[in-house]
Structure formats: C-alpha cells, structure tokens
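Engineer: So that you have it, the file is protein37.txt, and it contains compact mmCIF, C-alpha atoms:
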# COMPACT_ATOMS: atom_id res chain seq x y z
CA MET D 429 78.41 43.53 126.96
CA ALA D 430 80.40 46.46 128.25
CA LEU D 431 83.45 48.33 127.04
CA GLU D 432 86.55 47.61 129.01
CA LEU D 433 89.07 50.12 127.74
CA VAL D 434 90.20 52.25 124.83
CA LYS D 435 93.46 51.61 123.01
CA LEU D 436 95.20 54.66 121.56
CA TYR D 437 97.44 54.57 118.47
CA ASP D 438 99.49 57.11 116.56
CA SER D 439 99.00 57.95 112.87
CA GLU D 440 101.00 54.95 111.76
CA GLY D 441 98.94 52.62 113.92
CA VAL D 442 101.63 52.17 116.56
CA PHE D 443 100.07 51.45 119.93
CA ILE D 444 100.49 54.23 122.53
CA GLU D 445 98.57 53.25 125.65
CA ASP D 446 95.39 51.78 127.13
CA VAL D 447 92.92 54.14 128.77
CA ASP D 448 90.20 53.15 131.19
CA ILE D 449 86.62 54.12 130.42
CA ASN D 450 84.66 55.96 133.06
CA ALA D 451 80.91 56.38 132.54
CA GLY D 452 81.34 55.98 128.81
CA THR D 453 84.11 58.52 128.39
CA PHE D 454 87.84 58.51 128.72
CA THR D 455 90.48 61.15 129.36
CA THR D 456 94.21 60.97 129.24
CA ILE D 457 97.27 63.06 128.43
CA VAL D 458 99.39 61.87 125.54
CA ASP D 459 102.80 63.25 124.71
CA GLN D 460 103.89 62.37 121.21
CA GLY D 461 106.50 65.09 121.00
CA SER D 462 106.23 68.20 118.87
CA GLY D 463 105.18 68.72 115.28
CA ASN D 464 102.36 67.33 113.19
CA LYS D 465 100.74 64.47 115.02
CA GLY D 466 97.68 62.26 114.83
CA ILE D 467 95.87 59.98 117.20
CA LYS D 468 93.18 57.35 116.77
CA ALA D 469 91.58 54.73 118.94
CA LYS D 470 90.03 51.31 119.14
CA SER D 471 87.69 50.17 121.88
CA LEU D 472 87.86 46.79 123.56
CA ASP D 473 84.86 45.13 125.16
CA ASP D 474 85.02 42.79 128.12
CA ALA D 475 84.70 39.80 125.79
CA GLY D 476 87.93 40.76 124.10
CA ASN D 477 86.40 42.10 120.86
CA LEU D 478 88.34 44.99 119.34
CA SER D 479 86.63 47.67 117.26
CA ALA D 480 87.90 49.21 114.03
CA PHE D 481 89.94 52.42 114.20
CA SER D 482 88.12 55.62 115.05
CA THR D 483 88.48 58.67 112.85
CA GLU D 484 91.97 60.03 113.26
CA LYS D 485 92.33 63.36 115.06
CA ARG D 486 95.13 65.53 113.69
CA TYR D 487 96.91 68.18 115.73
CA TYR D 488 100.10 70.18 115.91
CA ALA D 489 102.00 69.96 119.17
CA GLY D 490 104.71 72.20 120.54
CA CYS D 491 103.95 75.24 118.41
CA THR D 492 106.40 78.06 119.15
CA ASN D 493 104.63 80.78 117.15
CA THR D 494 104.05 84.05 118.96
CA PRO D 495 101.49 86.79 118.40
CA LEU D 496 102.24 90.15 116.85
CA CYS D 497 100.90 93.53 117.95
CA ASP D 498 99.94 96.26 115.51
CA LEU D 499 98.82 99.85 115.99
CA LEU D 500 95.60 100.21 114.00
CA ASP D 501 95.24 103.94 114.57
CA ASP D 502 98.54 105.02 113.10
CA THR D 503 98.05 108.67 112.14
CA GLY D 504 100.04 111.17 110.13
CA ASP D 505 101.51 110.93 106.67
CA SER D 506 102.92 107.44 107.23
CA ALA D 507 100.51 104.66 108.12
CA SER D 508 103.28 102.41 109.42
CA ASP D 509 105.60 104.55 111.54
CA ASP D 510 103.75 103.71 114.78
CA LEU D 511 103.21 107.38 115.58
CA THR D 512 99.72 108.43 116.52
CA ASN D 513 97.83 111.43 117.77
CA ASP D 514 95.01 109.14 118.92
CA ASN D 515 95.44 108.69 122.67
CA THR D 516 92.81 105.96 122.83
CA PRO D 517 94.22 103.82 120.03
CA ARG D 518 93.36 100.28 119.04
CA ILE D 519 96.01 97.61 119.30
CA GLN D 520 95.47 94.52 117.18
CA LEU D 521 96.93 91.15 118.13
CA GLU D 522 97.31 88.41 115.57
CA ILE D 523 98.57 84.87 115.87
CA THR D 524 99.28 82.47 113.04
CA LEU D 525 99.37 78.77 113.86
CA PRO D 526 100.47 75.78 111.78
CA ILE D 527 97.68 73.88 110.10
CA PRO D 528 97.94 70.23 111.13
CA THR D 529 98.73 67.93 108.23
CA GLY D 530 95.53 66.63 106.72
CA CYS D 531 93.43 69.50 108.07
CA SER D 532 92.06 72.45 106.15
CA GLN D 533 92.29 74.99 108.95
CA VAL D 534 93.30 75.65 112.54
CA ALA D 535 90.47 75.13 115.01
CA ALA D 536 89.46 78.28 116.87
CA SER D 537 89.32 76.23 120.05
CA SER D 538 93.11 75.91 119.84
CA ILE D 539 93.38 79.37 121.38
CA LYS D 540 91.88 80.13 124.76
CA ARG D 541 92.94 83.77 124.80
CA LEU D 542 95.45 86.36 123.68
CA GLU D 543 97.14 88.39 126.41
CA LEU D 544 98.21 91.98 125.85
CA HIS D 545 100.92 93.48 128.05
CA HIS D 546 101.85 97.16 128.19
CA LYS D 547 104.56 99.37 129.63
CA ILE D 548 105.09 103.10 129.58
CA GLY D 549 108.51 104.33 128.57
CA SER D 550 111.53 102.15 127.91
CA ALA D 551 112.36 101.98 131.62
CA GLY D 552 108.87 100.96 132.68
CA SER D 553 107.77 97.47 133.57
CA TYR D 554 105.22 95.39 131.74
CA SER D 555 101.82 94.58 133.14
CA LYS D 556 98.97 92.66 131.58
CA ILE D 557 96.17 94.96 130.47
CA ALA D 558 93.85 92.65 128.56
CA ASP D 559 92.74 89.07 128.09
CA LEU D 560 91.24 88.92 124.64
CA THR D 561 88.91 86.00 124.03
CA SER D 562 86.83 87.34 121.16
CA LEU D 563 88.93 86.15 118.25
CA THR D 564 88.31 86.77 114.58
CA PRO D 565 89.50 84.15 112.09
CA VAL D 566 91.89 85.48 109.44
CA GLY D 567 92.18 82.98 106.64
CA ASN D 568 92.60 79.37 107.65
CA ASP D 569 95.47 79.68 110.09
CA SER D 570 95.32 83.03 111.85
CA PHE D 571 93.22 84.74 114.48
CA SER D 572 93.10 88.35 115.53
CA ALA D 573 91.66 90.38 118.36
CA ILE D 574 91.54 94.10 119.04
CA HIS D 575 92.07 95.99 122.27
CA GLN D 576 90.49 99.44 122.34
CA PHE D 577 91.89 101.81 124.92
CA ILE D 578 89.20 103.59 126.90
CA SER D 579 91.44 105.58 129.21
CA GLU D 580 93.67 108.09 127.48
CA LEU D 581 97.31 107.23 127.07
CA THR D 582 99.85 109.87 128.00
CA ASP D 583 101.92 111.59 125.34
CA GLU D 584 105.07 109.48 125.34
CA ASP D 585 106.53 106.12 124.33
CA HIS D 586 104.39 103.04 124.88
CA TYR D 587 105.41 99.43 124.45
CA PHE D 588 103.27 96.36 123.89
CA LYS D 589 103.86 92.65 123.63
CA ALA D 590 101.54 89.67 123.57
CA LYS D 591 101.36 85.97 124.19
CA TRP D 592 98.73 83.37 123.43
CA VAL D 593 97.30 80.76 125.74
CA ASP D 594 96.26 77.40 124.34
CA ALA D 595 93.26 75.28 125.24
CA GLN D 596 95.28 73.49 127.93
CA ASP D 597 96.44 76.79 129.51
CA GLY D 598 99.88 76.48 127.99
CA GLU D 599 101.41 79.92 127.45
CA SER D 600 103.55 80.92 124.51
CA GLN D 601 106.59 83.13 124.68
CA PHE D 602 106.02 86.83 124.13
CA GLY D 603 106.00 88.02 120.54
CA THR D 604 107.95 90.91 119.09
CA GLU D 605 107.63 94.14 121.02
CA LEU D 606 105.61 96.98 119.48
CA HIS D 607 106.85 100.48 120.25
CA ILE D 608 104.46 103.33 119.58
CA VAL D 609 104.62 107.04 120.28
CA VAL D 610 101.52 108.94 121.30
CA ASP D 611 101.72 112.63 120.46
CA THR D 612 98.64 114.79 120.66
CA SER D 613 100.39 118.15 120.81
CA ALA D 614 100.23 120.44 117.80
CA PRO D 615 103.35 121.85 116.16
CA ASN D 616 104.26 125.43 116.91
CA THR D 617 102.66 128.12 114.80
CA PRO D 618 104.86 128.66 111.74
CA THR D 619 106.55 131.99 111.32
CA ILE D 620 106.04 133.55 107.91
CA THR D 621 107.94 136.15 105.90
CA LEU D 622 107.19 137.64 102.50
CA ASP D 623 110.18 139.06 100.63
CA ASP D 624 108.19 141.57 98.57
CA GLY D 625 104.54 142.43 99.03
CA SER D 626 104.16 144.52 95.92
CA VAL D 627 105.26 143.15 92.57
CA PHE D 628 104.48 143.26 88.87
CA VAL D 629 102.87 140.48 86.86
CA GLY D 630 105.53 137.94 85.96
CA ASP D 631 107.63 138.65 89.01
CA SER D 632 108.29 136.06 91.66
CA VAL D 633 107.88 136.29 95.39
CA THR D 634 109.28 134.09 98.10
CA ILE D 635 107.33 133.13 101.17
CA SER D 636 109.51 131.57 103.85
CA GLY D 637 109.62 130.93 107.54
CA THR D 638 110.25 128.36 110.21
CA ALA D 639 108.16 125.45 111.38
CA THR D 640 108.99 123.56 114.56
CA ASP D 641 107.24 121.04 116.77
CA MET W 1076 108.38 114.84 117.14
CA ALA W 1077 109.38 116.61 113.96
CA VAL W 1078 107.41 118.71 111.53
CA GLN W 1079 106.56 116.53 108.54
CA ARG W 1080 105.41 119.19 106.10
CA VAL W 1081 104.39 122.79 105.67
CA GLU W 1082 101.53 123.76 103.42
CA LEU W 1083 101.20 127.12 101.70
CA ARG W 1084 97.55 128.02 101.36
CA LYS W 1085 95.77 130.78 99.53
CA VAL W 1086 92.92 132.62 101.24
CA ILE W 1087 89.89 132.49 98.98
CA GLY W 1088 87.38 134.13 101.30
CA THR W 1089 87.67 137.05 103.64
CA THR W 1090 89.48 135.05 106.35
CA PRO W 1091 91.60 131.88 106.36
CA ASN W 1092 89.62 128.66 106.29
CA LEU W 1093 91.47 125.33 106.39
CA PHE W 1094 88.52 123.47 104.91
CA PHE W 1095 88.21 125.57 101.78
CA ASP W 1096 91.49 127.34 101.19
CA PRO W 1097 93.47 125.47 98.51
CA VAL W 1098 96.96 124.16 99.12
CA ILE W 1099 99.22 126.03 96.71
CA SER W 1100 102.39 124.13 97.51
CA THR W 1101 103.88 121.78 100.09
CA ASP W 1102 107.41 121.81 101.46
CA ILE W 1103 108.66 118.56 102.97
CA SER W 1104 112.39 119.24 102.86
CA LEU W 1105 112.39 121.58 105.87
CA PRO W 1106 116.14 121.94 106.46
CA LEU W 1107 116.62 123.00 110.10
CA GLY W 1108 112.92 123.66 110.35
CA SER W 1109 112.91 126.27 107.62
CA TYR W 1110 110.62 126.32 104.64
CA SER W 1111 110.47 128.32 101.48
CA PHE W 1112 108.01 128.76 98.62
CA LEU W 1113 108.83 130.57 95.38
CA MET W 1114 105.81 131.74 93.44
CA ASN W 1115 105.55 133.38 90.07
CA MET W 1116 102.74 135.93 90.13
CA SER W 1117 100.91 135.68 86.82
CA GLN W 1118 97.75 137.62 87.58
CA THR W 1119 97.03 141.09 88.83
CA GLY W 1120 95.24 141.52 92.09
CA GLU W 1121 95.70 141.22 95.81
CA PHE W 1122 96.40 137.73 97.10
CA LYS W 1123 96.62 136.51 100.67
CA TYR W 1124 98.61 133.50 101.82
CA TYR W 1125 99.38 131.68 105.03
CA THR W 1126 101.16 128.51 106.09
CA VAL W 1127 100.28 125.65 108.38
CA SER W 1128 102.47 122.79 109.55
CA TYR W 1129 101.84 119.10 110.31
CA ASP W 1130 103.93 116.85 112.52
CA GLU W 1131 104.65 113.17 111.90
CA ALA W 1132 101.73 112.11 114.08
CA GLY W 1133 99.32 114.17 112.00
CA ASN W 1134 98.82 117.05 114.40
CA ILE W 1135 98.21 120.38 112.70
CA SER W 1136 99.50 123.72 113.91
CA ILE W 1137 97.64 126.96 114.29
CA ILE W 1138 97.87 128.86 111.04
CA SER W 1139 100.57 131.45 110.56
CA SER W 1140 99.99 135.11 110.05
CA VAL W 1141 98.54 136.08 106.68
CA VAL W 1142 100.77 137.82 104.17
CA THR W 1143 99.44 139.86 101.26
CA VAL W 1144 100.94 140.17 97.79
CA LYS W 1145 99.76 142.99 95.53
CA VAL W 1146 100.38 142.30 91.86
CA GLU W 1147 100.15 145.11 89.32
CA LYS W 1148 100.54 145.40 85.58
CA LYS W 1149 103.85 146.68 84.37
CA LYS W 1150 103.53 150.25 83.03
Just give me the structure as structure tokens.
Structural biologist:
Amino acid sequence: MALELVKLYDSEGVFIEDVDINAGTFTTIVDQGSGNKGIKAKSLDDAGNLSAFSTEKRYYAGCTNTPLCDLLDDTGDSASDDLTNDNTPRIQLEITLPIPTGCSQVAASSIKRLELHHKIGSAGSYSKIADLTSLTPVGNDSFSAIHQFISELTDEDHYFKAKWVDAQDGESQFGTELHIVVDTSAPNTPTITLDDGSVFVGDSVTISGTATD
Amino acid sequence: MAVQRVELRKVIGTTPNLFFDPVISTDISLPLGSYSFLMNMSQTGEFKYYTVSYDEAGNISIISSVVTVKVEKKK
C-alpha cells in the first residue's frame, strides 16, 4: 500500500488543501493570513484509508516586530546617552517575536539573520555592514546578536538601524534608528585660579577657573 | 561635546597623580564653562591642588596647573 496524498487542516480541523507526496515527503506554501495559526495533517493511502491527525504545528504569521539597536559601550557619566569615547564600539541588536499560542517559546530557526545598517552623519546614506547569524536567546521570545567594530569609527554622529530576515527570506521593516556620537577627544585643559595662596586656619579659599571641551 | 564635571584634587605626593590623588570636590553646575570650589582651611601646612575635567563621553582632560595654599596659625 502506498500513500497517495496529504490533507492539510487548520487548528479547527477545517480542510485547507491536498498536497502530493514525492518520495515520502511533501512541500507546499500555505497562507492562512496573519496572527496565531496552526496546521495539522492527515495522510491518505491509495486504498482510501485516512490517518488520524498529526501533531499540530503552531506558528505566528505576519509578525511586524522590528529589531532594536543598542550601544553597549556607552561611556561617560551616563550609561544611556549614546555618547561614547570607544571608537570600536559594540552594537547590540535584539528582536522580540510573538510566542505562538500553545507554544512555550519562539523557535530560534524563525530567524535566519539580523541585518545591521549604518550611516555616517545625518546626511549620509545607509549601507548594510553586517549579517548577524549567531543569535543568543533572551528569555523565551527574544534573540540578540552583537556587532563589534574592528575598524575605528570617526569622531562624529553615527546612525544605525536593523531588520530581521525570517526563515523564508522575508524581511522585516527597519526598526527604530539609533543615533550615537563618537567622541575620543579630550576636553581642554582647565584654567585654574586661586584667590589667596596664604591664609590662616579657619579661613576659606576659592579655587575657580574655566573648563571647556 | 560639553564638559560634564570638574574635579578638584589634592596632591598627596610630590607631583600630581590621578590614580592616587583624592577628589576633594566635584562641580557639575559649570555655568558658561566656569567652575568654583570654596574650601575652608582647617589645618596648617602647605597644600597643593589641581583640577581636571571630564566630558560627557568620559574623556578626561590634561590636569590644570597646580596651585598652592599655605595655611598658618593665627598669631
């Protein structure tokens, strides 16, 4: 006895389509619209016997989430002002995807790669600088990757944005732009003035000056 | 980039040393790039001070000149 075809159904058991079997496997493209979806199958042999349902596969279609960029090497007093004196900084990309209903986590295979794009100055134009495929799971629904600059960035404004590419080579929209400033130049030497260099115990002195960058 | 803070440091050795010299005070107000430190001198002796500035990206300036305060007992 041989299998004749596979019958595909949605989560509710509504028939979708028949798919021919080729050398024991089948492939087809199913469009059930966007959102939380499921698909399951029955096989039909050439005698007309129909199997029970397969295990249901759950997935989320049409996700519009976009990745975020973050400057890891933010230096100075504030760790979140996107100013850095590190001219070979690390840029982290992170994408959060919806967990399909009935699943405990997002499969890592959902993401083929994260793309990092870069431009110099607000008037520059973006170009892709990295395809990041080494992804680190963050919790059950997020993945991150880090781009480490090897060549030194110039002291000026730099902009980054990212997209993610799914397992079927579908590309997301770009995420929110990250604007960083690279500044490796030291401030000017402060001037210093002492109002009185010889005083008695209990007196006060004032040290003042100017400090510019 | 703007200066984020100015530190007033006290020389504890023979020459300024950013690793060991303690920060006496920090000024982050810096109106128009000016700073000011008021110190009450409570001990006799000769004390040396200098300042150093940091910008918002964390870059540090060269240290300023050193100023010396001589403090004597009232007669």
Engineer: Would you compute the distance between atom CA of W:Ser1136 and atom CA of W:Glu1121? Give it in Å to one decimal.
Structural biologist: 25.5 Å
Engineer: Rounded to one decimal in Å, what is the spacing between atom CA of W:Val1078 and atom CA of D:Asp502?
Structural biologist: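 Going from atom CA of W:Val1078 over to atom CA of D:Asp502 covers 16.4 Å.
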Engineer: List the spatial neighbours of W:Lys1085 as a list in words - criterion: any atom at most 12 Å away, only C-alpha atoms, same-chain residues fewer than 6 positions off excluded.
Structural biologist: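 My list of contacting residues is Ile635 of chain D; Pro1091, Asn1092, Leu1093, Phe1094, Phe1095, Asp1096, Pro1097, Val1098, Ile1099, Ser1100, Met1114, Glu1121, Phe1122, Lys1123, Tyr1124, Tyr1125, Thr1126, Val1127, Ile1138, Val1141, Val1142, Thr1143 and Val1144 of chain W.
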Engineer: Given a cut-off of 10 Å, which residues of chain W touch chain D, counting only C-alpha atoms, written out as a count of residues only?
Structural biologist: 52
Engineer: Suppose you want the space between atom CA of D:Thr524 and atom CA of D:Trp592; what is it in Å?
Structural biologist: 10.4 Å
Engineer: Go through D:Val434, D:Ile449, D:Val458, D:Cys497 one by one, measure the shortest atom-to-atom distance of each to D:Leu472 using only C-alpha atoms, and give the residue with the smallest value.
Structural biologist: D:Val434
Engineer: Please identify all polymer residues within 10 Å of D:Leu544, counting only C-alpha atoms, omitting same-chain residues fewer than 2 positions from it, and present them as a ChimeraX atom specification.
Structural biologist: /D:495,497,519-521,541-542,546,554-560,574-575,588-592,602
Engineer: Between D:Glu605, D:Asp597, D:Glu522, D:Asp585, which has the minimum distance to D:Ala573 (counting all atoms listed in the file)?
Structural biologist: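 Among the listed residues, D:Glu522 lies closest to D:Ala573.
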